[in-house]
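Notes follow once the structure below has been shown.
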There are 2 protein chains.
Amino acid sequence: MRKFGIAPLRSENFPEWYQQVIKEADLAENSDVRGCMVIKPWGYAIWENMQRILDGMFKKTGHQNAYFPLFIPLKYLESEATHVEGFAKECAVVTHTRLQADDQGKLIPASPLEEPLIVRPTSETIIGESFSRWVHSYRDLPILINQWANVVRWEMRTRLFLRTSEFLWQEGHTAHETRAEAEAETEKMLECYREFAESYMAMPVLCGKKTEMERFPGAVKTLCIEAMMQDRKSLQAGTSHFLGQNFAQSSNIQFMGRNGENQYAWTSSWGVSTRLIGGLIMTHSDDDGLILPPRLAPQHVVILPIIHHEKDESTVQEYCAQIRAQVEKTCYNDRPIGIHIDGRDLNGGVKKWEWIKKGVPLIVEIGPRDREKNSVSILCRYTMEKYTISIEEFIQNLEQELAQIQSGMLERARAFREQNTKQITSKEEFAEFFENQGGYAATFFEENRPLEEAMKEQFSVTIRCILADDTDKNPMGVCAFTGKPTSQKVVWSKSY
Amino acid sequence: MRKFGIAPLRSENFPEWYQQVIKEADLAENSDVRGCMVIKPWGYAIWENMQRILDGMFKKTGHQNAYFPLFIPLKYLESEATHVEGFAKECAVVTHTRLQADDQGKLIPASPLEEPLIVRPTSETIIGESFSRWVHSYRDLPILINQWANVVRWEMRTRLFLRTSEFLWQEGHTAHETRAEAEAETEKMLECYREFAESYMAMPVLCGKKTEMERFPGAVKTLCIEAMMQDRKSLQAGTSHFLGQNFAQSSNIQFMGRNGENQYAWTSSWGVSTRLIGGLIMTHSDDDGLILPPRLAPQHVVILPIIHHEKDESTVQEYCAQIRAQVEKTCYNDRPIGIHIDGRDLNGGVKKWEWIKKGVPLIVEIGPRDREKNSVSILCRYTMEKYTISIEEFIQNLEQELAQIQSGMLERARAFREQNTKQITSKEEFAEFFENQGGYAATFFEENRPLEEAMKEQFSVTIRCILADDTDKNPMGVCAFTGKPTSQKVVWSKSY
């Protein structure tokens with residue numbers, strides 16, 4: 001059996017495999033500060049690509065970026081009861097604003113604050129406070145704001161990218177004149193996330209609505225995208241919340257309506273975070289490490305010059321530089337193709353494995369014989385196939401090749417999800433599914449919190465979402481658990 | 001006398017004028033959280049432009065972005081004695097990680113941390129901790145990292161952009177094999193800042209070195225760029241620190257050198273912040289509000305359709321759309337020119353004044369008669385000059401016109417600084433200069449801390465920098481205060 005890049009294999013120990021993929025790809029590491037990670041350059045470059053694309057989508061849909069305080073006064077949180085319950089258990093509290101030396105010279109906190117501040121776990125309340133000052137009349141609406149920021153939730157069990165005490169995200173916050181507009185916004189942004197997940201991350205997602213049990217604290221309705229990871233668990237990859245008038249009431253966002261009467265605005269909020277990088281890893285990586293979809297890869301092509309004799313050095317280097325110059329003129333997905341020559345004085349095999357584990361789409365080895373034959377030897381990371389083609393063909397086909405990798409990755413992930421999704425119609429089938437390898441169990445279901453809680457207790461599964469649209473020709477069925485007729489279809493699974 | 005956009009005038013009350021420019025341009029506002037500001041969309045869009053340009057410069061000089069924890073364990077700070085002294089007096093301290101209701105149902109902090117955490121005031125110590133793990137051999141050097149982040153310094157007296165408890169910035173952190181390399185990096189990044197300030201912000205700066213009194217806590221050498229504001233005070237706009245081996249020792253950044261021996265790395269750090277926006281405002285704005293240099297303006301041109309009769313509406317709107325389509329194809333400074341049609345149903349004069357106060361470089365009014373004559377009426381914000389030209393001429397000259405505004409703004413600011421800079425050779429002259437209107441006082445000076453402290457006490461002035469290069473043909477002179485011969489030339493002034 002050949003040796004793989006990552007130990008253990010996915011099939012042996014998925015969580016440990018995940019940590020090792022991150023380590024070997026040099027994406028991130030744990031810091032000394034409990035639950036806070038360091039995002040290393042290769043991981044951060046992926047986040048920058050995500051940011052650039054999402055930011056473009058938000059601006060295209062009329063949103064503007066702004067920035068609000070890191071700290072939230074306690075009283076703001078308290079004004080929305082469900083919200084504070086949801087976040088009070090895990091937040092960083094600032095109580096002092098100075099350090100001073102004690103008798104032994106040890107630094108201790110000094111200058112206590114009259115009212116403690118919370119490091120934002122999310123910004124509905126602090127942004128609501130601004131909105132309440134910005135909105136006077138219906139003419140001031142809608143307000144369509146996005147913020148790129150760090151947030152803190154003091155998680156007890158953390159895992160790189162998936163659950164960290166501090167993470168990076170974007171949070172959209174909007175205020176509207178009518179309920180219908182706010183609901184339309186909530187759906188529009190979910191569609192934005194679906195488009196991003198599928199077209200850029202090559203990660204197929206289900207779109208739907210959370211049950212009351214899984215809803216964002218304070219929301220009227222939470223929409224989500226859910227993606228199946230390779231261990232068949234689900235990752236909530238993005239959420240878009242219709243907040244009704246709940247936060248408008250607690251933050252006092254009132255305006256003079258067209259009818260001349262004062263009324264509360266309707267608000268929404270929506271966000272995705274560095275958690276997406278965890279989703280990217282668990283959707284695509286294999287036992288040799290990370291695999292990056294071309295649209296998010298910091299580099300598309302890495303060239304490894306193969307030089308065994310000094311006499312070949314200048315020839316090979318010139319040939320590599322010439323290829324780079326040509327490739328740089330080529331575009332993929334509206335941007336110049338990213339190409340890097342790894343000229344480090346290291347063993348060729350060591351370098352090649354580094355780039356395999358970092359997930360670069362195409363790795364190109366170039367030695368003196370390639371120069372003679374005007375050819376290049378290519379390793380396609382996603383299939384691990386090797387082939388040799390002429391340099392002309394390589395350059396000409398490069399854009400198309402990357403596009404094929406991108407769509408191939410999406411198709412592969414979609415096929416995996418389909419293989420692991422089952423339509424289930426009875427309790428017995430449900431139990432059998434989750435007692436075995438599990439995956440997505442799709443059932444008709446009449447919303448029922450005690451039953452959801454019982455299933456969570458018994459099988460550690462939750463309803464990931466009430467499916468948004470079901471292409472089933474006969475939209476009515478019977479609840480798999482109670483036998484009641486219903487048109488509501490849900491997907492159950494274990495989750496992150 | 002004509003009415004101005006801003007009250008009070010600069011000459012009447014500069015600090016209050018500054019606040020009003022920010023308010024009227026809708027750049028930012030104070031929040032309820034003491035010292036923390038809300039950066040509104042127009043202000044944030046300027047920051048995004050600054051980020052994009054600086055980020056490009058950093059990447060071009062070989063730096064990579066990464067992200068490190070928001071929280072710093074107390075023990076890290078303590079390990080560099082000067083550093084902790086500099087920051088202990090003003091920092092946000094996290095002491096608890098949960099909230100719980102007390103007997104009265106009031107939320108109070110719970111779950112105290114064993115060791116309090118500091119919200120980063122700067123990241124030398126926490127990044128140093130990572131570097132110590134990343135560096136093993138001289139082959140791992142240099143490490144060239146930049147971080148875009150928020151930082152917190154609990155300032156007592158705050159002012160929007162210039163001094164806020166939380167602010168946004170970038171902080172570069174690098175580690176090198178040799179002292180010479182680290183010093184060269186420090187100078188290279190200062191030059192980056194100078195180039196950015198002058199070529200993009202149109203803000204002329206002095207480059208130089210801080211005296212020991214003004215140095216960054218923990219640095220061996222602090223280089224800076226200093227800009228003169230319109231009240232003749234100086235703004236420290238960016239700093240680049242050579243840290244010697246101080247932080248390498250406290251963070252234990254050691255490596256195996258070429259000689260086979262373990263040694264400490266040489267490090268640097270450098271940063272600019274949202275303070276730059278304060279500098280932009282105080283360099284260029286006038287009594288009508290903000291003036292933006294074209295290279296940083298979120299929009300270059302705003303079109304105001306002038307429609308008095310309904311019958312003209314479609315003609316004017318079509319004409320405006322046609323102009324926009326043509327302008328959008330034009331580039332300035334390698335980016336498509338930003339043009340916005342303000343079609344809001346508001347009084348034309350009100351709209352025009354909004355854009356004047358927001359500092360858009362060119363405001364174009366278009367009515368039915370312009371359509372007939374194929375002309376456009378232009379208001380150049382920087383000169384407040386109005387002129388009418390043909391549409392062809394407008395489109396053809398647009399790029400050049402913006403370039404002229406950009407260079408004109410730099411020249412105007414430079415002339416102001418020259419007018420308010422005086423070469424001073426005696427104590428008497430020095431006293432007279434600062435007892436009157438002041439500005440930059442350039443003197444020969446032999447470094448002498450008691451004297452610096454005395455001048456600060458007496459005139460509220462400090463040495464802004466020891467000038468980096470003096471084009472004076474005779475580089476020797478005598479200290480203006482002690483009469484000692486010296487080649488060192490410094491600039492004194494009041495500052496922000």
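Ordering of the structure tokens sets the chain letters (A, B, ...), residue numbers begin anew at 1 in every chain, and ligands are numbered from 1 in the order given.
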Exercise for review: Return the neighbours of chain B among the residues of chain A, cut-off 7 Å, counting only C-alpha atoms, as an MDAnalysis selection string.
Suggested key: chainID A and resid 33 36:41 44 64:69 73 88:99 109 154
Could you dump the residues just selected with C-alpha atoms as a PDB file, in the first residue's frame?
ATOM      1  CA  VAL A  33      -4.661  31.618  24.688  1.00  0.00           C
ATOM      2  CA  CYS A  36      -7.956  31.256  20.215  1.00  0.00           C
ATOM      3  CA  MET A  37      -6.212  30.230  17.022  1.00  0.00           C
ATOM      4  CA  VAL A  38      -3.419  31.697  14.942  1.00  0.00           C
ATOM      5  CA  ILE A  39      -4.392  31.796  11.265  1.00  0.00           C
ATOM      6  CA  LYS A  40      -1.173  31.274   9.323  1.00  0.00           C
ATOM      7  CA  PRO A  41      -0.463  32.854   5.921  1.00  0.00           C
ATOM      8  CA  TYR A  44      -5.385  33.540   5.850  1.00  0.00           C
ATOM      9  CA  GLN A  64     -22.106  49.073   2.443  1.00  0.00           C
ATOM     10  CA  ASN A  65     -19.395  48.226   4.942  1.00  0.00           C
ATOM     11  CA  ALA A  66     -19.103  49.993   8.284  1.00  0.00           C
ATOM     12  CA  TYR A  67     -17.502  49.311  11.651  1.00  0.00           C
ATOM     13  CA  PHE A  68     -19.009  49.239  15.139  1.00  0.00           C
ATOM     14  CA  PRO A  69     -17.464  48.938  18.632  1.00  0.00           C
ATOM     15  CA  PRO A  73     -22.439  47.507  27.420  1.00  0.00           C
ATOM     16  CA  ALA A  88     -24.530  35.011  28.502  1.00  0.00           C
ATOM     17  CA  LYS A  89     -23.045  31.577  29.123  1.00  0.00           C
ATOM     18  CA  GLU A  90     -20.013  32.114  26.969  1.00  0.00           C
ATOM     19  CA  CYS A  91     -18.681  35.635  26.716  1.00  0.00           C
ATOM     20  CA  ALA A  92     -15.524  37.521  27.548  1.00  0.00           C
ATOM     21  CA  VAL A  93     -16.230  40.210  30.138  1.00  0.00           C
ATOM     22  CA  VAL A  94     -14.036  43.300  30.454  1.00  0.00           C
ATOM     23  CA  THR A  95     -14.118  44.592  34.017  1.00  0.00           C
ATOM     24  CA  HIS A  96     -10.973  46.718  34.383  1.00  0.00           C
ATOM     25  CA  THR A  97      -9.075  49.270  32.307  1.00  0.00           C
ATOM     26  CA  ARG A  98      -5.626  49.322  33.843  1.00  0.00           C
ATOM     27  CA  LEU A  99      -2.962  47.082  35.333  1.00  0.00           C
ATOM     28  CA  PRO A 109      -6.264  44.465  37.191  1.00  0.00           C
ATOM     29  CA  TRP A 154     -16.110  31.578  25.140  1.00  0.00           C
TER      30      TRP A 154
END
List as a short mmCIF file (atom, residue, chain, number, x, y, z; two decimals) with C-alpha atoms, in the first residue's frame the protein and nucleic acid residues near stretch 170-178 of chain A, meaning an atom at most 6 Å away when only C-alpha atoms are counted, but skip any in the same chain fewer than 4 places from it.
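Saved the output as out_8.cif:
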data_model
loop_
_atom_site.label_atom_id
_atom_site.label_comp_id
_atom_site.auth_asym_id
_atom_site.auth_seq_id
_atom_site.Cartn_x
_atom_site.Cartn_y
_atom_site.Cartn_z
CA LEU A 141 -34.85 52.94 4.96
CA PRO A 142 -33.64 50.43 4.01
CA ILE A 143 -30.31 50.51 5.82
CA LEU A 144 -28.07 47.83 4.36
CA ILE A 145 -24.87 47.39 6.35
CA ASN A 146 -22.14 44.77 6.55
CA GLN A 147 -19.26 44.51 8.99
CA TRP A 148 -16.06 42.44 8.75
CA ALA A 182 -36.98 42.25 5.54
CA ALA A 265 -38.45 48.80 11.71
CA TRP A 266 -38.11 45.18 10.57
CA THR A 267 -34.56 43.89 10.75
CA SER A 268 -32.41 41.06 9.47
CA SER A 269 -28.92 39.79 10.16
CA TRP A 270 -26.74 37.24 8.38
CA GLY A 271 -23.22 35.90 8.68
CA VAL A 272 -20.53 33.50 7.65
#
**Study point:** All residues 7 Å or closer to B:Leu235, only C-alpha atoms, same chain fewer than 2 positions away omitted, as a PyMOL selection string
**Key:** chain B and resi 226-229+233+237+279+495-496
For the structure I just gave you, how does DSSP split stretch 202-306 of chain A - specifically, which residues are strand (DSSP E)? Reply as a tab-separated table (two decimals) with C-alpha atoms, in the first residue's frame.
chain	number	residue	atom	x	y	z
A	206	LEU	CA	-29.05	22.33	1.49
A	207	CYS	CA	-31.05	25.51	1.96
A	208	GLY	CA	-33.76	25.69	4.54
A	209	LYS	CA	-35.17	27.01	7.76
A	221	LYS	CA	-36.88	32.83	11.57
A	222	THR	CA	-33.41	31.47	10.87
A	223	LEU	CA	-32.49	30.32	7.38
A	224	CYS	CA	-29.34	28.30	6.86
A	225	ILE	CA	-27.09	26.50	4.44
A	226	GLU	CA	-25.98	23.05	5.57
A	227	ALA	CA	-23.19	21.02	4.03
A	228	MET	CA	-22.34	17.35	4.46
A	234	SER	CA	-23.53	18.28	8.77
A	235	LEU	CA	-21.87	21.67	9.04
A	236	GLN	CA	-24.02	24.77	9.44
A	237	ALA	CA	-22.07	26.96	7.04
A	238	GLY	CA	-24.05	30.19	7.05
A	239	THR	CA	-27.20	31.66	8.54
A	240	SER	CA	-29.57	34.47	7.64
A	241	HIS	CA	-32.01	35.64	10.26
A	242	PHE	CA	-35.32	37.42	9.96
A	254	GLN	CA	-38.52	53.60	15.19
A	255	PHE	CA	-39.46	55.65	12.16
A	256	MET	CA	-42.25	57.85	10.90
A	262	ASN	CA	-44.34	56.03	14.34
A	263	GLN	CA	-43.50	52.37	13.93
A	264	TYR	CA	-40.74	49.84	14.54
A	266	TRP	CA	-38.11	45.18	10.57
A	267	THR	CA	-34.56	43.89	10.75
A	268	SER	CA	-32.41	41.06	9.47
A	269	SER	CA	-28.92	39.79	10.16
A	270	TRP	CA	-26.74	37.24	8.38
A	271	GLY	CA	-23.22	35.90	8.68
A	272	VAL	CA	-20.53	33.50	7.65
A	273	SER	CA	-17.21	33.00	9.38
A	301	VAL	CA	-0.06	26.44	-10.21
A	302	VAL	CA	3.23	25.71	-8.49
A	303	ILE	CA	6.28	25.00	-10.61
A	304	LEU	CA	9.03	22.80	-9.20
A	305	PRO	CA	12.28	23.11	-11.15
Practice item. List every residue of stretch 195-261 of chain B that DSSP, applied to the backbone of this structure, places in helix (DSSP H, G or I), and write the result as a PyMOL selection string. Key: chain B and resi 195-200+212-214+246-251
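Compared by their closest atoms to B:Glu365, and using only C-alpha atoms, the residues B:Val327, B:Ile307, B:Ala7, B:Ala403 rank with B:Ile307 nearest.
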Review point. Closest to B:Glu198 among B:Met409, B:Ala442, B:Ala468, B:Ile395, using only C-alpha atoms?
Key: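 Closest residue, counting only C-alpha atoms: B:Met409.
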**Study point:** Neighbour list for B:Ser79 as a PyMOL selection string, cut-off 9 Å, only C-alpha atoms, skip fewer than 2 positions in-chain
**Key:** chain B and resi 75-77+81+83-84+125+247+249-251
Mind dumping the selected residues with N, CA and C atoms as a compact mmCIF listing (two decimals), in the first residue's frame?
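Final output, out_15.txt:
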# COMPACT_ATOMS: atom_id res chain seq x y z
N LYS B 75 1.15 37.35 31.38
CA LYS B 75 2.58 37.00 31.50
C LYS B 75 3.39 37.37 30.26
N TYR B 76 2.75 37.41 29.09
CA TYR B 76 3.49 37.79 27.88
C TYR B 76 3.91 39.25 27.97
N LEU B 77 2.97 40.09 28.40
CA LEU B 77 3.26 41.51 28.50
C LEU B 77 4.39 41.75 29.47
N ALA B 81 9.86 44.51 29.96
CA ALA B 81 9.58 45.46 31.04
C ALA B 81 9.18 46.85 30.55
N HIS B 83 7.98 47.65 27.69
CA HIS B 83 6.75 47.50 26.92
C HIS B 83 5.54 47.52 27.85
N VAL B 84 5.57 46.74 28.90
CA VAL B 84 4.42 46.66 29.79
C VAL B 84 4.18 48.00 30.47
N THR B 125 4.08 40.93 21.54
CA THR B 125 4.31 39.79 22.44
C THR B 125 3.58 38.53 21.97
N PHE B 247 12.54 42.00 21.90
CA PHE B 247 11.36 41.13 21.93
C PHE B 247 11.73 39.69 21.61
N GLN B 249 14.28 38.27 22.73
CA GLN B 249 14.69 37.72 24.02
C GLN B 249 13.49 37.45 24.91
N SER B 250 12.55 38.39 24.97
CA SER B 250 11.42 38.16 25.87
C SER B 250 10.49 37.08 25.33
N SER B 251 10.42 36.92 24.00
CA SER B 251 9.56 35.86 23.44
C SER B 251 10.36 34.61 23.10
Practice item. Quick one: everything within 12 Å of B:Glu453, counting only C-alpha atoms, minus sequence neighbours fewer than 3 positions away in the same chain. Send it as a VMD selection string. Key: chain B and resid 211 to 214 447 to 450 456 to 463
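Using only C-alpha atoms for every distance, the candidate list A:Ala219, A:Glu418, A:Val491, A:Glu401 yields A:Val491 as the residue closest to A:Phe430.
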